[in-house]
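Take a look at the structure set out below.
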Amino acid sequence: MAKEHILEFENNSLVPLLFGEHNSHLSHLEQKLNIQIADRGNQLTLSGKPSAVQKAETVLNFLWKELERGQHIDIAEIEAAFRFIEDKTNRNINAKKKMTNQNITIKTKRKSIHPRSPNQATYLKAIQDNEMVFGLGPAGTGKTYLAVAVGVSLFLEGKVDRLIFTRPALEAGEQLGFLPGDMKEKVDPYLRPIYDAMHDMMPWDFMMNKMELGDIEVAPLAFMRGRTLSNAFVILDEAQNTTCTQMKMFLTRMGESSRMVVTGDITQTDLPNNVKSGLRDATEVLAGVDEIKFIEFENKDVVRNPLVRKIVQAYDLKS
């Protein structure tokens with residue numbers, strides 16, 4: 001049985017932003033929920049199955065509140081709204097409340113960043129509240145990007161003196177000496193995702209100046225040996241490609257007033273079959289340490305193009 005419901009929005013200046021260019025946001029909702037949406041001025045008439053109409057109303061009201069907070073709305077934000085309202089567990093309902101709280105927004109020089117899934121909200125809160133956090137799960141869930149965002153924010157606020165980003169420089173079996181160029185040219189391609197994330201959040205000239213001063217460091221994991229990393233925000237990315245020895249070495253570099261975030265996907269290790277991943281080992285060894293938080297992402301948390309989520313799911317079914 002079809003249901004018809006009318007929504008009215010009071011702020012006419014925000015209505016075009018809610019509807020999208022050429023009503024693209026409304027069209028996206030129509031296609032996703034198999035409903036019809038008719039617009040007349042600042043009114044919308046929603047028609048379709050009661051459950052779908054109810055869901056559309058919830059999403060539209062959610063997006064309207066985001067616009068009133070000054071947030072930008074696009075298709076990605078619509079998909080984020082669906083992720084929040086579709087998860088019915090108490091933990092995720094609490095995370096949804098956190099998302100609408102201004103305190104969860106991470107501010108950087110170039111943009112403000114906020115979670116696009118309940119697990120992302122939980123992850124951000126964990127990084128803010130704990131000295132060491134592990135972000136585990138498939139590609140596209142925002143593990144590294146959000147960690148970089150928190151690090152950049154703390155650095156800009158003067159709460160840490162340095163940003164240090166590291167990852168295993170090469171896949172297992174390859175050697176730096178076989179690659180052309182000097183050391184920087186050899187390792188930069190493997191650290192490019194971190195550069196890209198930082199560039200999203202800071203002007204390039206500002207970032208390069210801080211790197212020249214040594215306040216921001218992007219380096220392969222081997223360069224961490226023998227150091228004590230104090231007053232720093234440190235991220236180990238692609239941690240599934242560390243050995244157990246490398247992981248222990250990295251974790252024990254932690255100094256005073258520092259925070260560490262370790263990210264990776266245990267199912268995607270490039271190590272030889274007979275070598276245990278340091279990331280897997282750490283999750284087992286450190287599981288009982290209360291001060292260390294482990295946040296596990298799932299396929300539903302993928303926030304890239306929706307097709308990426310389907311690709312991840314297809315590969316999971318195959319395995």
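Scheme for the structure tokens: letters A, B, ... for chains in order shown; per-chain residue numbers from 1; ligand numbers from 1 in order shown.
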
Residue contacts of region 205-220 of chain A (7 Å, only C-alpha atoms) excluding same-chain residues fewer than 3 positions away, as a PyMOL selection string: chain A and resi 161-169+187+202+223

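Residues lying within 7 Å of Leu33 (chain A), counting only C-alpha atoms and ignoring same-chain neighbours fewer than 3 positions away, are Leu29, Glu30 and Ala52 of chain A.
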
Polymer residues at most 12 Å from Gly264 (chain A), only C-alpha atoms, same-chain spacing of 4 or more positions, as a ChimeraX atom specification: /A:133-144,147,167-168,235-242,268-270,277-280,282-283,294-297

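Across A:Ser230, A:Ser258, A:Asn23, A:Ser153, the tightest approach to Asp74 (chain A) is made by A:Asn23 when counting only C-alpha atoms.
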
In Å to one decimal, how far is CA of Lys55 (chain A) from CA of Asp301 (chain A)? 19.1 Å

Name the residues in contact with region 59-71 of chain A at a cut-off of 10 Å, using only C-alpha atoms, excluding same-chain residues fewer than 2 positions from it; report them as a ChimeraX atom specification. /A:7,9,11,14-15,17-19,25-26,29,53-57,73-74,77-82,84-85,99-102,112-114
